[in-house]
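Colleague: Pasting a structure here, questions to come.
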Amino acid sequence: MTDDLAYRSIGELQQLMAAGELTSLELTRSLLARIESLDRRGPAIRAVIEINPEVEDIAAALDRARRDGRVRGPLHGIPILLKDNIDTADAMETTAGSLALLDRKSARDATVAARLRTAGAVLLGKANMSEWANFRSTHSSSGWSARGGQALNPYVLDRSPCGSSSGSATAVAAGFAPGALGTETAGSILCPAAFNAVVGIKPTTGLTSRAGVIPIAHSQDTIGPFARSVRDAAMVLTAIAGPDPRDLATSGAPAGIDYAAPLDSGDLRGLRIGLPRHHYFGYSAEADRIADGAIQALRDLGADVVDSADLPSGGDDREGRPMMQVLLHEFKADLEVYLAERGSTIQTLDDLIAFNREHATEELVHFEQELLEQSARTEGLNDPGYLKSLRTSRRLGGEAGIDAVMREHRLDALLAPSGGPPFPIDHANGDRVEGGFAGPAAMAGYPAINLPAGYSGELPIGVTVVGRAYAEPVLLRIAHALEGALRVWRPPRFQAGVRD
């Protein structure tokens with residue numbers, strides 16, 4: 001039964017449970033067996049950093065509730081993995097992949113974790129991740145953490161899983177869970193989704209609560225789902241989205257929206273979708289080829305495609321500099337607030353840096369911690385240099401970027417390749433990122449969705465659709481229609497390697 005259930009949609013699993021042909025406990029045990037055979041053994045994907053020791057009891061309790069007629073919704077009894085920077089008030093750890101936070105467990109669920117429980121999801125475990133959400137070194141290897149080791153790409157094992165939410169994406173791709181949560185600051189949902197041929201939703205900053213999530217930067221951090229289909233991802237987003245008094249940034253978030261409800265039509269007539277050719281195309285012939293197929297599908301679906309619709313700020317050599325200054329300043333401030341609330345023995349960024357030096361044979365075995373050290377030298381959130389960088393970053397992403405081009409061409413969304421094919425894992429030199437369309441949405445705090453769009457041989461390639469704040473329903477409509485038109489997804493074969 002393990003392989004038969006691995007790639008069933010959430011809707012299919014619900015139908016089986018409603019018909020009495022499957023229980024949540026049986027599903028959970030099936031997925032645990034698959035994790036044991038492929039994550040712990042076999043190709044050893046290392047996507048799952050920890051299994052919830054209470055998971056079978058939780059599933060059994062939800063089965064009893066179902067028998068009593070108390071079904072909480074479409075996620076009732078569905079196993080979901082959480083990235084290892086999302087707090088859970090249970091027997092599991094929350095460490096951001098670091099050995100430094102193994103000293104004290106979380107006393108309270110992150111809001112998104114609590115909302116999944118309320119929705120009836122089974123919190124299956126924690127997913128491996130790039131340590132400290134890939135904000136430790138300029139030469140880091142995506143998917144590596146001292147606690148979890150190197151997560152692998154299930155399509156081609158020697159290729160990067162990308163981004164900081166690597167384990168969440170690889171776990172869904174490998175059939176270990178129907179859905180998972182990740183976090184994004186600048187590409188950490190979109191890139192893993194693209195490299196692992198899954199759907200990843202980077203919500204508007206402030207649509208989902210960051211309370212109880214180990215931060216990088218409050219200006220850009222957001223929590224979003226991975227799933228194998230747009231509809232499944234929308235179901236998970238529905239469960240976690242909305243205002244939360246624990247995170248003031250969510251005060252303007254719409255409440256009570258069912259993001260999966262309007263996804264029945266594949267018709268895109270009336271929508272205008274722009275192609276930012278300058279800078280966001282042209283770096284990879286294979287990415288352009290696959291994006292061209294998606295663009296033709298948009299036209300076939302009735303969308304008005306504007307080619308090209310370039311961002312005025314696109315390709316500006318200053319684009320990444322102010323954003324990095326924002327992240328460096330906010331990381332120190334935000335992390336130390338989180339650590340104080342958690343009551344960890346690690347209370348400051350300097351404490352963390354010292355811990356890593358003291359445990360260098362485990363923590364610094366592949367790369368250093370220069371980003372942590374740069375962040376430790378920043379002078380707080382009242383620093384004029386930080387405030388200038390924050391204004392510049394938001395302007396380049398929004399006013400002089402996405403807002404400008406969408407206003408000029410009266411667009412509903414933008415579409416571009418998510419990046420080139422997955423690059424080889426390289427612990428000596430770090431990641432070799434090629435292209436991508438995550439930056440403007442990250443700086444502006446706007447939503448984006450990666451959709452699997454094709455393959456270069458065995459290597460997945462995706463496209464990203466981007467819109468303005470709270471445009472998730474429109475982006476989901478586009479992604480769902482494209483998904484139905486392209487029908488490219490195929491399960492991974494855990495191939496050892498391919499030639500470039």
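Naming scheme: A, B, ... for chains in displayed order of the structure tokens; residues 1 onward per chain; ligands 1 onward as shown.
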Would you list, as a list in words, the residues of segment 284-477 of chain A that end up in strand (DSSP E or B) under DSSP run on this structure's backbone?

Modeller: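 Across segment 284-477 of chain A, those assigned strand (DSSP E or B) are Asp304, Val305, Val306, Asp307, Ala413, Leu414, Leu415, Ala416, Pro417, Pro424, Ala448, Ile449, Asn450, Leu451, Pro452, Ala453, Gly454, Tyr455, Ser456, Leu459, Pro460, Ile461, Gly462, Val463, Thr464, Val465 and Val466 of chain A.
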
Colleague: For N, CA and C atoms, I'd like the residues from the last selection saved as a short mmCIF file (atom, residue, chain, number, x, y, z; two decimals), in the first residue's frame.

Modeller:
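Dumped to again.cif:
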```cif
data_model
loop_
_atom_site.label_atom_id
_atom_site.label_comp_id
_atom_site.auth_asym_id
_atom_site.auth_seq_id
_atom_site.Cartn_x
_atom_site.Cartn_y
_atom_site.Cartn_z
N ASP A 304 -4.35 37.11 -22.24
CA ASP A 304 -3.70 38.13 -23.08
C ASP A 304 -2.27 38.24 -22.58
N VAL A 305 -1.31 37.75 -23.36
CA VAL A 305 0.09 37.73 -22.95
C VAL A 305 0.79 38.97 -23.49
N VAL A 306 1.39 39.75 -22.59
CA VAL A 306 2.10 40.97 -22.95
C VAL A 306 3.59 40.66 -22.98
N ASP A 307 4.17 40.69 -24.19
CA ASP A 307 5.56 40.30 -24.37
C ASP A 307 6.28 41.43 -25.13
N ALA A 413 -0.77 39.66 -13.61
CA ALA A 413 0.32 38.85 -13.10
C ALA A 413 1.50 38.95 -14.05
N LEU A 414 2.65 38.49 -13.56
CA LEU A 414 3.87 38.35 -14.35
C LEU A 414 4.28 36.89 -14.32
N LEU A 415 4.95 36.43 -15.38
CA LEU A 415 5.43 35.05 -15.43
C LEU A 415 6.84 35.03 -15.98
N ALA A 416 7.71 34.22 -15.37
CA ALA A 416 9.08 34.04 -15.83
C ALA A 416 9.58 32.67 -15.37
N PRO A 417 10.68 32.18 -15.96
CA PRO A 417 11.27 30.95 -15.45
C PRO A 417 11.65 31.09 -13.98
N PRO A 424 24.81 20.98 -9.46
CA PRO A 424 25.37 19.94 -8.59
C PRO A 424 25.58 20.45 -7.16
N ALA A 448 3.94 34.89 -4.82
CA ALA A 448 4.47 34.21 -6.00
C ALA A 448 4.22 32.72 -5.85
N ILE A 449 4.05 32.05 -6.98
CA ILE A 449 3.83 30.60 -6.99
C ILE A 449 4.76 29.98 -8.01
N ASN A 450 5.46 28.92 -7.59
CA ASN A 450 6.19 28.10 -8.56
C ASN A 450 5.32 26.95 -8.99
N LEU A 451 5.32 26.70 -10.30
CA LEU A 451 4.59 25.58 -10.88
C LEU A 451 5.56 24.72 -11.69
N PRO A 452 5.58 23.39 -11.49
CA PRO A 452 6.40 22.55 -12.37
C PRO A 452 5.97 22.73 -13.82
N ALA A 453 6.96 22.97 -14.71
CA ALA A 453 6.62 23.28 -16.10
C ALA A 453 7.29 22.36 -17.10
N GLY A 454 8.26 21.56 -16.67
CA GLY A 454 8.92 20.66 -17.61
C GLY A 454 10.23 20.15 -17.02
N TYR A 455 10.97 19.45 -17.86
CA TYR A 455 12.22 18.82 -17.43
C TYR A 455 13.27 19.01 -18.51
N SER A 456 14.50 19.17 -18.06
CA SER A 456 15.67 19.08 -18.94
C SER A 456 16.28 17.71 -18.67
N LEU A 459 16.01 16.63 -15.01
CA LEU A 459 16.11 17.78 -14.11
C LEU A 459 14.88 18.68 -14.22
N PRO A 460 14.15 18.89 -13.12
CA PRO A 460 12.94 19.71 -13.17
C PRO A 460 13.24 21.19 -13.41
N ILE A 461 12.32 21.86 -14.09
CA ILE A 461 12.35 23.30 -14.27
C ILE A 461 10.94 23.83 -14.07
N GLY A 462 10.82 24.94 -13.36
CA GLY A 462 9.51 25.52 -13.09
C GLY A 462 9.36 26.91 -13.66
N VAL A 463 8.15 27.43 -13.58
CA VAL A 463 7.88 28.83 -13.88
C VAL A 463 7.26 29.47 -12.65
N THR A 464 7.50 30.77 -12.50
CA THR A 464 6.98 31.52 -11.36
C THR A 464 5.98 32.56 -11.84
N VAL A 465 4.82 32.61 -11.19
CA VAL A 465 3.86 33.68 -11.44
C VAL A 465 3.84 34.58 -10.21
N VAL A 466 3.84 35.88 -10.46
CA VAL A 466 3.95 36.89 -9.41
C VAL A 466 2.83 37.91 -9.58
#
```

Colleague: Name the residues in contact with Gly497 of chain A at a cut-off of 10 Å, using only C-alpha atoms, excluding same-chain residues fewer than 4 positions from it; report them as a CSV table (one decimal) with C-alpha atoms, in the first residue's frame.

Modeller:
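Contents of out.csv, freshly written:
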```csv
chain,number,residue,atom,x,y,z
A,155,TYR,CA,15.1,13.4,-9.2
A,156,VAL,CA,18.9,13.4,-9.5
A,157,LEU,CA,20.6,12.7,-6.2
A,158,ASP,CA,23.8,14.7,-6.9
A,159,ARG,CA,21.9,17.8,-7.6
A,424,PRO,CA,25.4,19.9,-8.6
A,458,GLU,CA,15.6,14.3,-15.6
```

Colleague: Would you mind listing what lies within 8 Å of segment 133-142 of chain A as a PyMOL selection string, with only C-alpha atoms counted and same-chain residues fewer than 6 positions away left out?

Modeller: chain A and resi 96+160-166+188+216+366-372+425-427+429-431

Colleague: Compile a residue-level contact table for segment 62-145 of chain A against segment 5-15 of chain A at a cut-off of 12 Å, reporting for every qualifying residue the shortest atom pair and its distance in Å to one decimal, with only C-alpha atoms counted, rows ordered by chain and ascending number, as CSV.

Modeller:
```
residue,atom,partner,partner_atom,distance
A:Asp63,CA,A:Gln14,CA,11.8
A:Arg66,CA,A:Gln14,CA,11.0
A:Val71,CA,A:Gln14,CA,10.4
A:Arg72,CA,A:Gln14,CA,11.6
A:Gly73,CA,A:Gln14,CA,9.5
A:Pro74,CA,A:Gln14,CA,6.9
A:Leu75,CA,A:Ile10,CA,7.4
A:His76,CA,A:Gln14,CA,7.9
A:Gly77,CA,A:Gln14,CA,8.2
A:Ile78,CA,A:Ile10,CA,7.2
A:Pro79,CA,A:Ile10,CA,9.6
A:Ile80,CA,A:Ile10,CA,10.6
A:Gly120,CA,A:Gln14,CA,11.8
A:Ala121,CA,A:Ile10,CA,11.0
```

Colleague: Ranking A:Asp90, A:Asp350, A:Asp383, A:Glu330 by minimum distance to Ala217 of chain A and counting only C-alpha atoms, which one comes first?

Modeller: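 Using only C-alpha atoms, Ala217 of chain A sits closest to A:Glu330.
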
Colleague: Enumerate the residues of segment 178-376 of chain A with a DSSP assignment of helix (DSSP H, G or I), computed from the backbone, and present them as a PDB file with C-alpha atoms, in the first residue's frame.

Modeller:
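Contents of states-v3.pdb, as written:
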```pdb
ATOM      1  CA  LEU A 190      10.170  29.102  -4.907  1.00  0.00           C
ATOM      2  CA  CYS A 191      13.588  27.606  -5.670  1.00  0.00           C
ATOM      3  CA  PRO A 192      13.128  24.294  -3.768  1.00  0.00           C
ATOM      4  CA  ALA A 193       9.715  23.919  -5.402  1.00  0.00           C
ATOM      5  CA  ALA A 194      11.226  24.457  -8.851  1.00  0.00           C
ATOM      6  CA  PHE A 195      14.193  22.119  -8.329  1.00  0.00           C
ATOM      7  CA  VAL A 230      -2.054  23.597  -7.023  1.00  0.00           C
ATOM      8  CA  ARG A 231      -5.321  22.538  -5.407  1.00  0.00           C
ATOM      9  CA  ASP A 232      -3.562  20.666  -2.600  1.00  0.00           C
ATOM     10  CA  ALA A 233      -1.292  23.641  -1.931  1.00  0.00           C
ATOM     11  CA  ALA A 234      -4.336  25.939  -1.889  1.00  0.00           C
ATOM     12  CA  MET A 235      -6.024  23.705   0.704  1.00  0.00           C
ATOM     13  CA  VAL A 236      -3.019  23.993   3.008  1.00  0.00           C
ATOM     14  CA  LEU A 237      -2.817  27.757   2.458  1.00  0.00           C
ATOM     15  CA  THR A 238      -6.483  28.072   3.415  1.00  0.00           C
ATOM     16  CA  ALA A 239      -5.779  26.398   6.748  1.00  0.00           C
ATOM     17  CA  ILE A 240      -2.864  28.628   7.752  1.00  0.00           C
ATOM     18  CA  LEU A 248       0.892  42.524  13.742  1.00  0.00           C
ATOM     19  CA  ALA A 249       1.952  42.282  10.094  1.00  0.00           C
ATOM     20  CA  THR A 250      -1.124  40.092   9.513  1.00  0.00           C
ATOM     21  CA  ARG A 277      12.103  39.340 -20.644  1.00  0.00           C
ATOM     22  CA  HIS A 278      14.935  41.661 -19.600  1.00  0.00           C
ATOM     23  CA  HIS A 279      17.084  40.014 -16.924  1.00  0.00           C
ATOM     24  CA  TYR A 280      14.562  37.287 -15.976  1.00  0.00           C
ATOM     25  CA  ALA A 285      18.275  27.974 -22.917  1.00  0.00           C
ATOM     26  CA  GLU A 286      16.491  25.069 -21.236  1.00  0.00           C
ATOM     27  CA  ALA A 287      14.594  27.332 -18.831  1.00  0.00           C
ATOM     28  CA  ASP A 288      13.542  29.560 -21.743  1.00  0.00           C
ATOM     29  CA  ARG A 289      12.422  26.553 -23.789  1.00  0.00           C
ATOM     30  CA  ILE A 290      10.207  25.285 -20.997  1.00  0.00           C
ATOM     31  CA  ALA A 291       8.873  28.755 -20.211  1.00  0.00           C
ATOM     32  CA  ASP A 292       7.957  29.158 -23.887  1.00  0.00           C
ATOM     33  CA  GLY A 293       5.755  26.079 -23.589  1.00  0.00           C
ATOM     34  CA  ALA A 294       4.002  27.600 -20.589  1.00  0.00           C
ATOM     35  CA  ILE A 295       3.578  30.912 -22.433  1.00  0.00           C
ATOM     36  CA  GLN A 296       1.925  29.188 -25.376  1.00  0.00           C
ATOM     37  CA  ALA A 297      -0.364  27.381 -22.952  1.00  0.00           C
ATOM     38  CA  LEU A 298      -1.367  30.739 -21.452  1.00  0.00           C
ATOM     39  CA  ARG A 299      -2.361  31.965 -24.904  1.00  0.00           C
ATOM     40  CA  ASP A 300      -4.272  28.745 -25.605  1.00  0.00           C
ATOM     41  CA  GLY A 320      20.421  42.708  -4.235  1.00  0.00           C
ATOM     42  CA  ARG A 321      22.559  45.099  -2.202  1.00  0.00           C
ATOM     43  CA  PRO A 322      19.902  46.957  -0.211  1.00  0.00           C
ATOM     44  CA  MET A 323      18.010  43.726   0.397  1.00  0.00           C
ATOM     45  CA  MET A 324      21.116  42.128   1.905  1.00  0.00           C
ATOM     46  CA  GLN A 325      21.595  45.088   4.227  1.00  0.00           C
ATOM     47  CA  VAL A 326      17.980  44.761   5.341  1.00  0.00           C
ATOM     48  CA  LEU A 327      18.429  41.056   6.052  1.00  0.00           C
ATOM     49  CA  LEU A 328      21.692  41.550   7.943  1.00  0.00           C
ATOM     50  CA  HIS A 329      20.168  44.177  10.243  1.00  0.00           C
ATOM     51  CA  GLU A 330      16.831  42.466  10.805  1.00  0.00           C
ATOM     52  CA  PHE A 331      18.291  39.001  11.382  1.00  0.00           C
ATOM     53  CA  LYS A 332      20.164  40.073  14.500  1.00  0.00           C
ATOM     54  CA  ALA A 333      17.239  42.025  15.932  1.00  0.00           C
ATOM     55  CA  ASP A 334      14.544  39.488  15.085  1.00  0.00           C
ATOM     56  CA  LEU A 335      16.518  36.407  16.098  1.00  0.00           C
ATOM     57  CA  GLU A 336      17.372  37.809  19.512  1.00  0.00           C
ATOM     58  CA  VAL A 337      13.695  38.583  20.162  1.00  0.00           C
ATOM     59  CA  TYR A 338      12.804  34.997  19.220  1.00  0.00           C
ATOM     60  CA  LEU A 339      15.574  33.518  21.397  1.00  0.00           C
ATOM     61  CA  ALA A 340      14.465  35.570  24.409  1.00  0.00           C
ATOM     62  CA  GLU A 341      10.884  34.337  24.009  1.00  0.00           C
ATOM     63  CA  ARG A 342      12.053  30.759  23.625  1.00  0.00           C
ATOM     64  CA  LEU A 349      23.762  36.209  17.899  1.00  0.00           C
ATOM     65  CA  ASP A 350      27.194  36.411  19.519  1.00  0.00           C
ATOM     66  CA  ASP A 351      26.277  33.350  21.621  1.00  0.00           C
ATOM     67  CA  LEU A 352      25.394  31.477  18.429  1.00  0.00           C
ATOM     68  CA  ILE A 353      28.632  32.454  16.693  1.00  0.00           C
ATOM     69  CA  ALA A 354      30.618  31.323  19.729  1.00  0.00           C
ATOM     70  CA  PHE A 355      28.714  28.017  19.857  1.00  0.00           C
ATOM     71  CA  ASN A 356      29.554  27.324  16.217  1.00  0.00           C
ATOM     72  CA  ARG A 357      33.231  28.011  16.843  1.00  0.00           C
ATOM     73  CA  GLU A 358      33.234  25.717  19.871  1.00  0.00           C
ATOM     74  CA  ALA A 360      33.425  23.706  14.566  1.00  0.00           C
ATOM     75  CA  THR A 361      34.004  20.052  13.679  1.00  0.00           C
ATOM     76  CA  GLU A 362      30.235  19.611  13.425  1.00  0.00           C
ATOM     77  CA  GLU A 363      28.931  23.075  12.552  1.00  0.00           C
ATOM     78  CA  GLU A 370      30.412  35.090   7.670  1.00  0.00           C
ATOM     79  CA  LEU A 371      26.784  36.229   7.299  1.00  0.00           C
ATOM     80  CA  LEU A 372      26.188  35.675  11.016  1.00  0.00           C
ATOM     81  CA  GLU A 373      29.339  37.647  11.779  1.00  0.00           C
ATOM     82  CA  GLN A 374      28.330  40.500   9.463  1.00  0.00           C
ATOM     83  CA  SER A 375      24.878  40.595  11.043  1.00  0.00           C
ATOM     84  CA  ALA A 376      26.392  40.701  14.545  1.00  0.00           C
TER      85      ALA A 376
END
```

Colleague: Considering only C-alpha atoms, return as an mmCIF file with C-alpha atoms, in the first residue's frame whatever protein or nucleic-acid residues lie within 8 Å of segment 387-397 of chain A, sequence-local ones (same chain, fewer than 5 positions apart) excluded.

Modeller:
```cif
data_model
loop_
_atom_site.group_PDB
_atom_site.id
_atom_site.type_symbol
_atom_site.label_atom_id
_atom_site.label_comp_id
_atom_site.auth_asym_id
_atom_site.auth_seq_id
_atom_site.Cartn_x
_atom_site.Cartn_y
_atom_site.Cartn_z
ATOM 1 C CA SER A 313 14.336 47.992 -11.848
ATOM 2 C CA GLU A 319 18.989 45.134 -6.776
ATOM 3 C CA PRO A 322 19.902 46.957 -0.211
ATOM 4 C CA MET A 323 18.010 43.726 0.397
ATOM 5 C CA GLN A 325 21.595 45.088 4.227
ATOM 6 C CA VAL A 326 17.980 44.761 5.341
ATOM 7 C CA LEU A 381 16.942 48.989 13.388
ATOM 8 C CA ASN A 382 17.341 52.737 13.954
ATOM 9 C CA ILE A 402 6.312 44.981 -9.967
ATOM 10 C CA GLY A 439 13.895 38.808 -5.825
ATOM 11 C CA PRO A 440 11.293 41.448 -6.748
ATOM 12 C CA ALA A 441 8.461 39.669 -4.926
ATOM 13 C CA ALA A 442 10.700 39.158 -1.889
ATOM 14 C CA MET A 443 11.623 42.844 -1.664
ATOM 15 C CA ALA A 444 8.054 44.026 -2.229
#
```
